[in-house]
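Chemist: Please find coords-v9.pdb (PDB, C-alpha atoms, pLDDT in the B column) on the next line:
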```
ATOM      1  CA  MET A   1       0.000   0.000   0.000  1.00 52.00           C
ATOM      2  CA  ARG A   2       1.350   3.384  -0.926  1.00 54.00           C
ATOM      3  CA  PHE A   3       0.839   6.445   1.192  1.00 50.00           C
ATOM      4  CA  PRO A   4      -0.749   9.545  -0.308  1.00 54.00           C
ATOM      5  CA  GLN A   5       1.681  12.285  -1.256  1.00 56.00           C
ATOM      6  CA  ALA A   6       0.539  14.173   1.825  1.00 58.00           C
ATOM      7  CA  TYR A   7       3.016  11.996   3.761  1.00 56.00           C
ATOM      8  CA  THR A   8       6.758  11.693   3.252  1.00 58.00           C
ATOM      9  CA  PHE A   9       9.046   8.871   4.350  1.00 57.00           C
ATOM     10  CA  ARG A  10      11.705   9.754   6.914  1.00 61.00           C
ATOM     11  CA  THR A  11      14.593   7.864   8.443  1.00 64.00           C
ATOM     12  CA  GLN A  12      16.376   9.655  11.238  1.00 73.00           C
ATOM     13  CA  LEU A  13      18.361   9.644  14.429  1.00 73.00           C
ATOM     14  CA  SER A  14      20.685   6.740  13.723  1.00 81.00           C
ATOM     15  CA  THR A  15      22.911   5.855  16.661  1.00 84.00           C
ATOM     16  CA  GLY A  16      25.608   4.501  14.389  1.00 85.00           C
ATOM     17  CA  VAL A  17      27.103   1.165  15.407  1.00 90.00           C
ATOM     18  CA  GLN A  18      27.553   0.931  19.186  1.00 89.00           C
ATOM     19  CA  GLY A  19      29.444  -1.786  21.031  1.00 91.00           C
ATOM     20  CA  VAL A  20      27.800  -3.926  23.699  1.00 93.00           C
ATOM     21  CA  THR A  21      30.548  -4.189  26.298  1.00 92.00           C
ATOM     22  CA  GLY A  22      30.655  -5.754  29.765  1.00 91.00           C
ATOM     23  CA  ALA A  23      28.649  -8.079  31.949  1.00 91.00           C
ATOM     24  CA  ALA A  24      24.935  -8.369  31.174  1.00 89.00           C
ATOM     25  CA  PRO A  25      22.646  -6.596  31.410  1.00 92.00           C
ATOM     26  CA  GLN A  26      24.054  -3.783  29.283  1.00 93.00           C
ATOM     27  CA  THR A  27      21.872  -1.250  27.479  1.00 92.00           C
ATOM     28  CA  VAL A  28      22.277   0.630  24.218  1.00 93.00           C
ATOM     29  CA  ALA A  29      19.615   3.328  23.909  1.00 93.00           C
ATOM     30  CA  GLY A  30      18.443   4.843  20.667  1.00 91.00           C
ATOM     31  CA  LYS A  31      18.215   8.600  20.403  1.00 90.00           C
ATOM     32  CA  ALA A  32      14.920  10.141  21.513  1.00 90.00           C
ATOM     33  CA  LEU A  33      12.328  10.544  18.744  1.00 86.00           C
ATOM     34  CA  ASP A  34       9.616  13.185  19.034  1.00 83.00           C
ATOM     35  CA  SER A  35       6.648  10.940  18.311  1.00 79.00           C
ATOM     36  CA  GLY A  36       4.507  14.020  17.649  1.00 74.00           C
ATOM     37  CA  LEU A  37       6.394  14.513  14.358  1.00 71.00           C
ATOM     38  CA  ALA A  38       5.354  11.121  13.066  1.00 69.00           C
ATOM     39  CA  SER A  39       2.044   9.814  11.866  1.00 66.00           C
ATOM     40  CA  ILE A  40       0.621   6.726  13.514  1.00 67.00           C
ATOM     41  CA  ILE A  41       3.155   4.504  11.703  1.00 76.00           C
ATOM     42  CA  VAL A  42       6.574   4.362  13.379  1.00 85.00           C
ATOM     43  CA  GLY A  43       9.187   1.638  13.179  1.00 88.00           C
ATOM     44  CA  ALA A  44      12.723   1.164  14.412  1.00 91.00           C
ATOM     45  CA  ARG A  45      15.368  -0.313  12.132  1.00 92.00           C
ATOM     46  CA  VAL A  46      17.573  -2.305  14.520  1.00 94.00           C
ATOM     47  CA  TYR A  47      20.831  -3.990  13.516  1.00 95.00           C
ATOM     48  CA  ALA A  48      22.334  -6.457  15.990  1.00 95.00           C
ATOM     49  CA  LYS A  49      25.430  -8.639  15.942  1.00 95.00           C
ATOM     50  CA  ALA A  50      26.313 -11.158  18.650  1.00 95.00           C
ATOM     51  CA  THR A  51      29.454 -13.272  18.527  1.00 94.00           C
ATOM     52  CA  THR A  52      29.984 -14.080  22.213  1.00 94.00           C
ATOM     53  CA  ASN A  53      28.543 -17.512  22.994  1.00 93.00           C
ATOM     54  CA  THR A  54      25.056 -17.305  24.642  1.00 93.00           C
ATOM     55  CA  LEU A  55      24.938 -13.462  24.549  1.00 94.00           C
ATOM     56  CA  THR A  56      21.370 -12.440  23.760  1.00 95.00           C
ATOM     57  CA  LEU A  57      20.394  -9.023  22.397  1.00 95.00           C
ATOM     58  CA  ALA A  58      16.739  -7.992  22.705  1.00 95.00           C
ATOM     59  CA  ALA A  59      14.902  -4.755  21.895  1.00 95.00           C
ATOM     60  CA  LYS A  60      11.989  -2.836  23.382  1.00 94.00           C
ATOM     61  CA  TRP A  61      10.209   0.501  22.934  1.00 93.00           C
ATOM     62  CA  GLN A  62      10.137   3.112  25.721  1.00 93.00           C
ATOM     63  CA  VAL A  63       8.492   6.532  26.196  1.00 93.00           C
ATOM     64  CA  LEU A  64       9.559   9.399  28.429  1.00 92.00           C
ATOM     65  CA  ASP A  65       7.393   9.762  31.531  1.00 90.00           C
ATOM     66  CA  ASP A  66       5.769  13.039  32.585  1.00 86.00           C
ATOM     67  CA  ASP A  67       8.628  13.734  35.009  1.00 88.00           C
ATOM     68  CA  GLY A  68      10.961  14.148  32.001  1.00 87.00           C
ATOM     69  CA  ALA A  69      13.580  11.807  33.480  1.00 91.00           C
ATOM     70  CA  THR A  70      12.143   8.279  33.637  1.00 94.00           C
ATOM     71  CA  TRP A  71      11.807   6.011  30.599  1.00 95.00           C
ATOM     72  CA  ILE A  72       8.831   3.615  30.725  1.00 93.00           C
ATOM     73  CA  ASP A  73       8.650   0.361  28.747  1.00 93.00           C
ATOM     74  CA  VAL A  74       5.815   0.297  26.193  1.00 90.00           C
ATOM     75  CA  VAL A  75       4.081  -2.986  25.374  1.00 86.00           C
ATOM     76  CA  GLU A  76       0.984  -4.086  23.511  1.00 83.00           C
ATOM     77  CA  SER A  77      -2.076  -5.062  25.537  1.00 80.00           C
ATOM     78  CA  ASN A  78      -1.075  -8.740  25.633  1.00 83.00           C
ATOM     79  CA  ASN A  79       2.262  -7.786  27.310  1.00 80.00           C
ATOM     80  CA  PRO A  80       4.593  -9.825  25.067  1.00 81.00           C
ATOM     81  CA  ALA A  81       8.238 -10.501  25.859  1.00 80.00           C
ATOM     82  CA  ASN A  82      10.924  -8.234  24.417  1.00 83.00           C
ATOM     83  CA  VAL A  83      11.918  -9.046  20.846  1.00 81.00           C
ATOM     84  CA  VAL A  84      15.069 -11.203  20.837  1.00 91.00           C
ATOM     85  CA  LEU A  85      17.151 -10.075  17.884  1.00 94.00           C
ATOM     86  CA  VAL A  86      20.121 -12.461  18.053  1.00 95.00           C
ATOM     87  CA  THR A  87      21.797 -15.000  20.314  1.00 94.00           C
ATOM     88  CA  GLY A  88      25.551 -15.497  19.996  1.00 93.00           C
ATOM     89  CA  THR A  89      26.928 -18.924  19.142  1.00 93.00           C
ATOM     90  CA  GLY A  90      30.677 -18.260  19.180  1.00 91.00           C
ATOM     91  CA  SER A  91      30.458 -17.205  15.519  1.00 91.00           C
ATOM     92  CA  ALA A  92      28.934 -13.924  14.367  1.00 92.00           C
ATOM     93  CA  VAL A  93      25.125 -13.955  14.218  1.00 93.00           C
ATOM     94  CA  VAL A  94      23.712 -10.851  12.529  1.00 94.00           C
ATOM     95  CA  ALA A  95      20.136  -9.608  12.133  1.00 94.00           C
ATOM     96  CA  THR A  96      18.465  -6.422  10.943  1.00 93.00           C
ATOM     97  CA  LYS A  97      14.808  -6.077  11.854  1.00 93.00           C
ATOM     98  CA  ILE A  98      12.115  -3.408  11.733  1.00 91.00           C
ATOM     99  CA  LEU A  99      10.256  -3.221  15.055  1.00 90.00           C
ATOM    100  CA  SER A 100       6.795  -1.682  14.833  1.00 88.00           C
ATOM    101  CA  ALA A 101       6.031   0.803  17.553  1.00 88.00           C
ATOM    102  CA  PRO A 102       3.094  -0.017  19.819  1.00 87.00           C
ATOM    103  CA  LEU A 103       0.257   2.497  19.371  1.00 84.00           C
ATOM    104  CA  ALA A 104       1.004   4.009  22.792  1.00 84.00           C
ATOM    105  CA  VAL A 105       4.249   5.398  21.371  1.00 85.00           C
ATOM    106  CA  THR A 106       2.432   7.873  19.104  1.00 80.00           C
ATOM    107  CA  ALA A 107      -0.770   8.221  21.143  1.00 79.00           C
ATOM    108  CA  GLY A 108       0.825  10.225  23.927  1.00 73.00           C
ATOM    109  CA  ASN A 109       2.847  12.630  21.742  1.00 73.00           C
ATOM    110  CA  ARG A 110       5.913  11.881  23.889  1.00 82.00           C
ATOM    111  CA  GLN A 111       9.602  11.352  23.352  1.00 90.00           C
ATOM    112  CA  ALA A 112      10.152   7.700  22.422  1.00 91.00           C
ATOM    113  CA  ARG A 113      13.140   5.433  21.855  1.00 93.00           C
ATOM    114  CA  VAL A 114      14.178   1.838  21.339  1.00 95.00           C
ATOM    115  CA  VAL A 115      16.579   0.187  23.765  1.00 96.00           C
ATOM    116  CA  VAL A 116      18.675  -2.902  23.040  1.00 96.00           C
ATOM    117  CA  THR A 117      19.614  -4.919  26.133  1.00 95.00           C
ATOM    118  CA  SER A 118      22.008  -7.803  26.588  1.00 95.00           C
ATOM    119  CA  ALA A 119      21.500 -10.927  28.665  1.00 93.00           C
ATOM    120  CA  ALA A 120      23.245 -14.165  29.647  1.00 92.00           C
ATOM    121  CA  ALA A 121      26.885 -13.238  28.896  1.00 91.00           C
ATOM    122  CA  SER A 122      29.430 -10.397  28.808  1.00 91.00           C
ATOM    123  CA  GLY A 123      29.532  -8.376  25.591  1.00 91.00           C
ATOM    124  CA  GLY A 124      32.836  -8.111  23.744  1.00 91.00           C
ATOM    125  CA  GLY A 125      32.327  -4.596  22.344  1.00 91.00           C
ATOM    126  CA  ALA A 126      32.174  -3.135  18.835  1.00 90.00           C
ATOM    127  CA  GLY A 127      33.236  -5.512  16.110  1.00 90.00           C
ATOM    128  CA  THR A 128      32.237  -8.518  18.226  1.00 93.00           C
ATOM    129  CA  ASP A 129      28.905  -7.645  19.888  1.00 94.00           C
ATOM    130  CA  GLU A 130      27.205  -4.506  18.579  1.00 95.00           C
ATOM    131  CA  CYS A 131      23.976  -2.855  17.487  1.00 95.00           C
ATOM    132  CA  SER A 132      22.529   0.274  15.894  1.00 94.00           C
ATOM    133  CA  ILE A 133      19.081   1.871  15.976  1.00 94.00           C
ATOM    134  CA  ALA A 134      17.345   4.272  13.552  1.00 91.00           C
ATOM    135  CA  TYR A 135      13.682   5.211  13.124  1.00 88.00           C
ATOM    136  CA  ASP A 136      11.435   4.967  10.062  1.00 83.00           C
ATOM    137  CA  TYR A 137       8.165   6.870   9.965  1.00 80.00           C
ATOM    138  CA  ARG A 138       5.748   8.780   7.782  1.00 72.00           C
ATOM    139  CA  ALA A 139       5.414  12.467   8.487  1.00 68.00           C
ATOM    140  CA  PRO A 140       2.884  14.914   7.070  1.00 65.00           C
ATOM    141  CA  ALA A 141       4.374  16.759   4.108  1.00 65.00           C
ATOM    142  CA  PRO A 142       4.471  20.547   4.283  1.00 61.00           C
ATOM    143  CA  ALA A 143       1.549  22.215   2.557  1.00 48.00           C
ATOM    144  CA  LEU A 144       2.405  23.616  -0.871  1.00 43.00           C
TER     145      LEU A 144
END
```
Go ahead and express the file in the form of structure tokens.
Modeler:
Amino acid sequence: MRFPQAYTFRTQLSTGVQGVTGAAPQTVAGKALDSGLASIIVGARVYAKATTNTLTLAAKWQVLDDDGATWIDVVESNNPANVVLVTGTGSAVVATKILSAPLAVTAGNRQARVVVTSAAASGGGAGTDECSIAYDYRAPAPAL
């Protein structure tokens, strides 16, 4: 399905590749996205690479709370587990996925982000265990 020309495609706020270093859990946070700029359709393009045996990298959406300091996890109404992107096997395992934002991300017109967290092993850092996060969304085009 194509969007009407009233909307333009945007990709923004890439973190660049960040290393996952140290004992789990470690967190790599995406940059904050002003969800008020996006239409109802928002996704995060997440790249993850895990080489360390048993290291798991998972992703989740968060929104900034009213206090302006606390990030709150956002889930769908059935409260699913975080999306596991990759699990290391001793050899490089790489995945790039688009994670749809739950509706609550755009409903509250808040700052939002995706966070990648590690579990089960110590990350070896960039080049070995790494990830990046960028956002895809449709924004209203300026009136001509």
Chemist: Give me the residues near segment 33-49 of chain A as a PDB file with C-alpha atoms, in the coordinates of the input, where near means some atom within 6 Å (using only C-alpha atoms) and where sequence neighbours in that chain fewer than 4 positions away do not count.
Modeler:
```pdb
ATOM      1  CA  VAL A  93      25.125 -13.955  14.218  1.00 93.00           C
ATOM      2  CA  VAL A  94      23.712 -10.851  12.529  1.00 94.00           C
ATOM      3  CA  ALA A  95      20.136  -9.608  12.133  1.00 94.00           C
ATOM      4  CA  THR A  96      18.465  -6.422  10.943  1.00 93.00           C
ATOM      5  CA  LYS A  97      14.808  -6.077  11.854  1.00 93.00           C
ATOM      6  CA  ILE A  98      12.115  -3.408  11.733  1.00 91.00           C
ATOM      7  CA  LEU A  99      10.256  -3.221  15.055  1.00 90.00           C
ATOM      8  CA  SER A 100       6.795  -1.682  14.833  1.00 88.00           C
ATOM      9  CA  ALA A 101       6.031   0.803  17.553  1.00 88.00           C
ATOM     10  CA  THR A 106       2.432   7.873  19.104  1.00 80.00           C
ATOM     11  CA  ASN A 109       2.847  12.630  21.742  1.00 73.00           C
ATOM     12  CA  ARG A 110       5.913  11.881  23.889  1.00 82.00           C
ATOM     13  CA  GLN A 111       9.602  11.352  23.352  1.00 90.00           C
ATOM     14  CA  ALA A 112      10.152   7.700  22.422  1.00 91.00           C
ATOM     15  CA  ASP A 129      28.905  -7.645  19.888  1.00 94.00           C
ATOM     16  CA  GLU A 130      27.205  -4.506  18.579  1.00 95.00           C
ATOM     17  CA  CYS A 131      23.976  -2.855  17.487  1.00 95.00           C
ATOM     18  CA  SER A 132      22.529   0.274  15.894  1.00 94.00           C
ATOM     19  CA  ILE A 133      19.081   1.871  15.976  1.00 94.00           C
ATOM     20  CA  ALA A 134      17.345   4.272  13.552  1.00 91.00           C
ATOM     21  CA  TYR A 135      13.682   5.211  13.124  1.00 88.00           C
ATOM     22  CA  ASP A 136      11.435   4.967  10.062  1.00 83.00           C
ATOM     23  CA  TYR A 137       8.165   6.870   9.965  1.00 80.00           C
ATOM     24  CA  ARG A 138       5.748   8.780   7.782  1.00 72.00           C
ATOM     25  CA  ALA A 139       5.414  12.467   8.487  1.00 68.00           C
TER      26      ALA A 139
END
```
Chemist: Grab the atom CA of Trp71 of chain A to atom CA of Ser122 of chain A distance for me, in Å with one decimal place.
Modeler: 24.1 Å
Chemist: Output the residue selection produced by the PyMOL selection byres ((chain A and resi 19) around 9) on the file above, formatted as a list in words.
Modeler: Val17, Gln18, Val20, Thr21, Val28, Gly123, Gly124, Gly125, Ala126, Gly127, Thr128, Asp129, Glu130, Cys131 and Ser132 of chain A
Chemist: Those residues you just picked out, can you put them in a file as a CSV table (one decimal), in the coordinates of the input with C-alpha atoms?
Modeler:
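Final output, saved to out36.csv:
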```
chain,number,residue,atom,x,y,z
A,17,VAL,CA,27.1,1.2,15.4
A,18,GLN,CA,27.6,0.9,19.2
A,20,VAL,CA,27.8,-3.9,23.7
A,21,THR,CA,30.5,-4.2,26.3
A,28,VAL,CA,22.3,0.6,24.2
A,123,GLY,CA,29.5,-8.4,25.6
A,124,GLY,CA,32.8,-8.1,23.7
A,125,GLY,CA,32.3,-4.6,22.3
A,126,ALA,CA,32.2,-3.1,18.8
A,127,GLY,CA,33.2,-5.5,16.1
A,128,THR,CA,32.2,-8.5,18.2
A,129,ASP,CA,28.9,-7.6,19.9
A,130,GLU,CA,27.2,-4.5,18.6
A,131,CYS,CA,24.0,-2.9,17.5
A,132,SER,CA,22.5,0.3,15.9
```
Chemist: To one decimal place in Å, what is the distance between atom CA of Asn79 of chain A and atom CA of Thr15 of chain A?
Modeler: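 Straight-line distance from atom CA of Asn79 of chain A to atom CA of Thr15 of chain A works out to 26.9 Å.
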Chemist: Give me, please, the distance in Å between atom CA of Pro102 of chain A and atom CA of Gly88 of chain A, quoted to one decimal.
Modeler: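 Result for atom CA of Pro102 of chain A versus atom CA of Gly88 of chain A: 27.3 Å, one decimal.
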Chemist: Compare A:Ala92, A:Val75, A:Ala29, A:Val63 by their minimum atom-to-atom distance to Gly108 of chain A, counting only C-alpha atoms, and give me the closest one.
Modeler: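 For Gly108 of chain A, the nearest of the given residues is A:Val63.
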Chemist: Find the residues around segment 56-58 of chain A up to 7 Å (all atoms listed in the file counted), leave out those fewer than 4 positions away in its own chain, and share them as a PyMOL selection string.
Modeler: chain A and resi 82-88+116-120
Chemist: Give me a file of those residues, with C-alpha atoms, as a PDB file, keeping the file's coordinate frame.
Modeler:
```pdb
ATOM      1  CA  ASN A  82      10.924  -8.234  24.417  1.00 83.00           C
ATOM      2  CA  VAL A  83      11.918  -9.046  20.846  1.00 81.00           C
ATOM      3  CA  VAL A  84      15.069 -11.203  20.837  1.00 91.00           C
ATOM      4  CA  LEU A  85      17.151 -10.075  17.884  1.00 94.00           C
ATOM      5  CA  VAL A  86      20.121 -12.461  18.053  1.00 95.00           C
ATOM      6  CA  THR A  87      21.797 -15.000  20.314  1.00 94.00           C
ATOM      7  CA  GLY A  88      25.551 -15.497  19.996  1.00 93.00           C
ATOM      8  CA  VAL A 116      18.675  -2.902  23.040  1.00 96.00           C
ATOM      9  CA  THR A 117      19.614  -4.919  26.133  1.00 95.00           C
ATOM     10  CA  SER A 118      22.008  -7.803  26.588  1.00 95.00           C
ATOM     11  CA  ALA A 119      21.500 -10.927  28.665  1.00 93.00           C
ATOM     12  CA  ALA A 120      23.245 -14.165  29.647  1.00 92.00           C
TER      13      ALA A 120
END
```
Chemist: Find the residue from A:Gly30, A:Gly22, A:Gly16, A:Ala81 that sits nearest to Gln62 of chain A; use only C-alpha atoms when measuring.
Modeler: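 Counting only C-alpha atoms, the residue closest to Gln62 of chain A is A:Gly30.
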Chemist: Keeping N, CA, C and O atoms, write segment 121-133 of chain A of the structure just shown out as a PDB file, in the first residue's frame.
Modeler:
```
ATOM      1  N   ALA A 121      25.423 -13.182  29.049  1.00  0.00           N
ATOM      2  CA  ALA A 121      26.885 -13.238  28.896  1.00  0.00           C
ATOM      3  C   ALA A 121      27.442 -11.824  28.839  1.00  0.00           C
ATOM      4  O   ALA A 121      26.702 -10.851  28.724  1.00  0.00           O
ATOM      5  N   SER A 122      28.763 -11.705  28.912  1.00  0.00           N
ATOM      6  CA  SER A 122      29.430 -10.397  28.808  1.00  0.00           C
ATOM      7  C   SER A 122      29.680 -10.059  27.355  1.00  0.00           C
ATOM      8  O   SER A 122      30.194 -10.890  26.594  1.00  0.00           O
ATOM      9  N   GLY A 123      29.315  -8.824  26.960  1.00  0.00           N
ATOM     10  CA  GLY A 123      29.532  -8.376  25.591  1.00  0.00           C
ATOM     11  C   GLY A 123      30.990  -8.043  25.336  1.00  0.00           C
ATOM     12  O   GLY A 123      31.691  -7.536  26.203  1.00  0.00           O
ATOM     13  N   GLY A 124      31.442  -8.324  24.119  1.00  0.00           N
ATOM     14  CA  GLY A 124      32.836  -8.111  23.744  1.00  0.00           C
ATOM     15  C   GLY A 124      33.125  -6.770  23.106  1.00  0.00           C
ATOM     16  O   GLY A 124      34.267  -6.490  22.768  1.00  0.00           O
ATOM     17  N   GLY A 125      32.106  -5.921  22.906  1.00  0.00           N
ATOM     18  CA  GLY A 125      32.327  -4.596  22.344  1.00  0.00           C
ATOM     19  C   GLY A 125      32.178  -4.562  20.833  1.00  0.00           C
ATOM     20  O   GLY A 125      31.915  -5.574  20.183  1.00  0.00           O
ATOM     21  N   ALA A 126      32.352  -3.357  20.263  1.00  0.00           N
ATOM     22  CA  ALA A 126      32.174  -3.135  18.835  1.00  0.00           C
ATOM     23  C   ALA A 126      33.074  -4.068  18.036  1.00  0.00           C
ATOM     24  O   ALA A 126      34.207  -4.334  18.408  1.00  0.00           O
ATOM     25  N   GLY A 127      32.523  -4.567  16.938  1.00  0.00           N
ATOM     26  CA  GLY A 127      33.236  -5.512  16.110  1.00  0.00           C
ATOM     27  C   GLY A 127      32.916  -6.948  16.489  1.00  0.00           C
ATOM     28  O   GLY A 127      32.963  -7.845  15.661  1.00  0.00           O
ATOM     29  N   THR A 128      32.584  -7.176  17.741  1.00  0.00           N
ATOM     30  CA  THR A 128      32.237  -8.518  18.226  1.00  0.00           C
ATOM     31  C   THR A 128      30.756  -8.592  18.555  1.00  0.00           C
ATOM     32  O   THR A 128      30.028  -9.407  18.011  1.00  0.00           O
ATOM     33  N   ASP A 129      30.311  -7.716  19.465  1.00  0.00           N
ATOM     34  CA  ASP A 129      28.905  -7.645  19.888  1.00  0.00           C
ATOM     35  C   ASP A 129      28.490  -6.185  19.749  1.00  0.00           C
ATOM     36  O   ASP A 129      29.049  -5.322  20.432  1.00  0.00           O
ATOM     37  N   GLU A 130      27.529  -5.906  18.892  1.00  0.00           N
ATOM     38  CA  GLU A 130      27.205  -4.506  18.579  1.00  0.00           C
ATOM     39  C   GLU A 130      25.774  -4.376  18.083  1.00  0.00           C
ATOM     40  O   GLU A 130      25.122  -5.371  17.768  1.00  0.00           O
ATOM     41  N   CYS A 131      25.315  -3.127  18.017  1.00  0.00           N
ATOM     42  CA  CYS A 131      23.976  -2.855  17.487  1.00  0.00           C
ATOM     43  C   CYS A 131      23.894  -1.412  17.015  1.00  0.00           C
ATOM     44  O   CYS A 131      24.754  -0.586  17.341  1.00  0.00           O
ATOM     45  N   SER A 132      22.847  -1.106  16.263  1.00  0.00           N
ATOM     46  CA  SER A 132      22.529   0.274  15.894  1.00  0.00           C
ATOM     47  C   SER A 132      21.012   0.388  15.787  1.00  0.00           C
ATOM     48  O   SER A 132      20.315  -0.600  15.553  1.00  0.00           O
ATOM     49  N   ILE A 133      20.519   1.612  15.965  1.00  0.00           N
ATOM     50  CA  ILE A 133      19.081   1.871  15.976  1.00  0.00           C
ATOM     51  C   ILE A 133      18.813   3.135  15.166  1.00  0.00           C
ATOM     52  O   ILE A 133      19.500   4.143  15.334  1.00  0.00           O
TER      53      ILE A 133
END
```
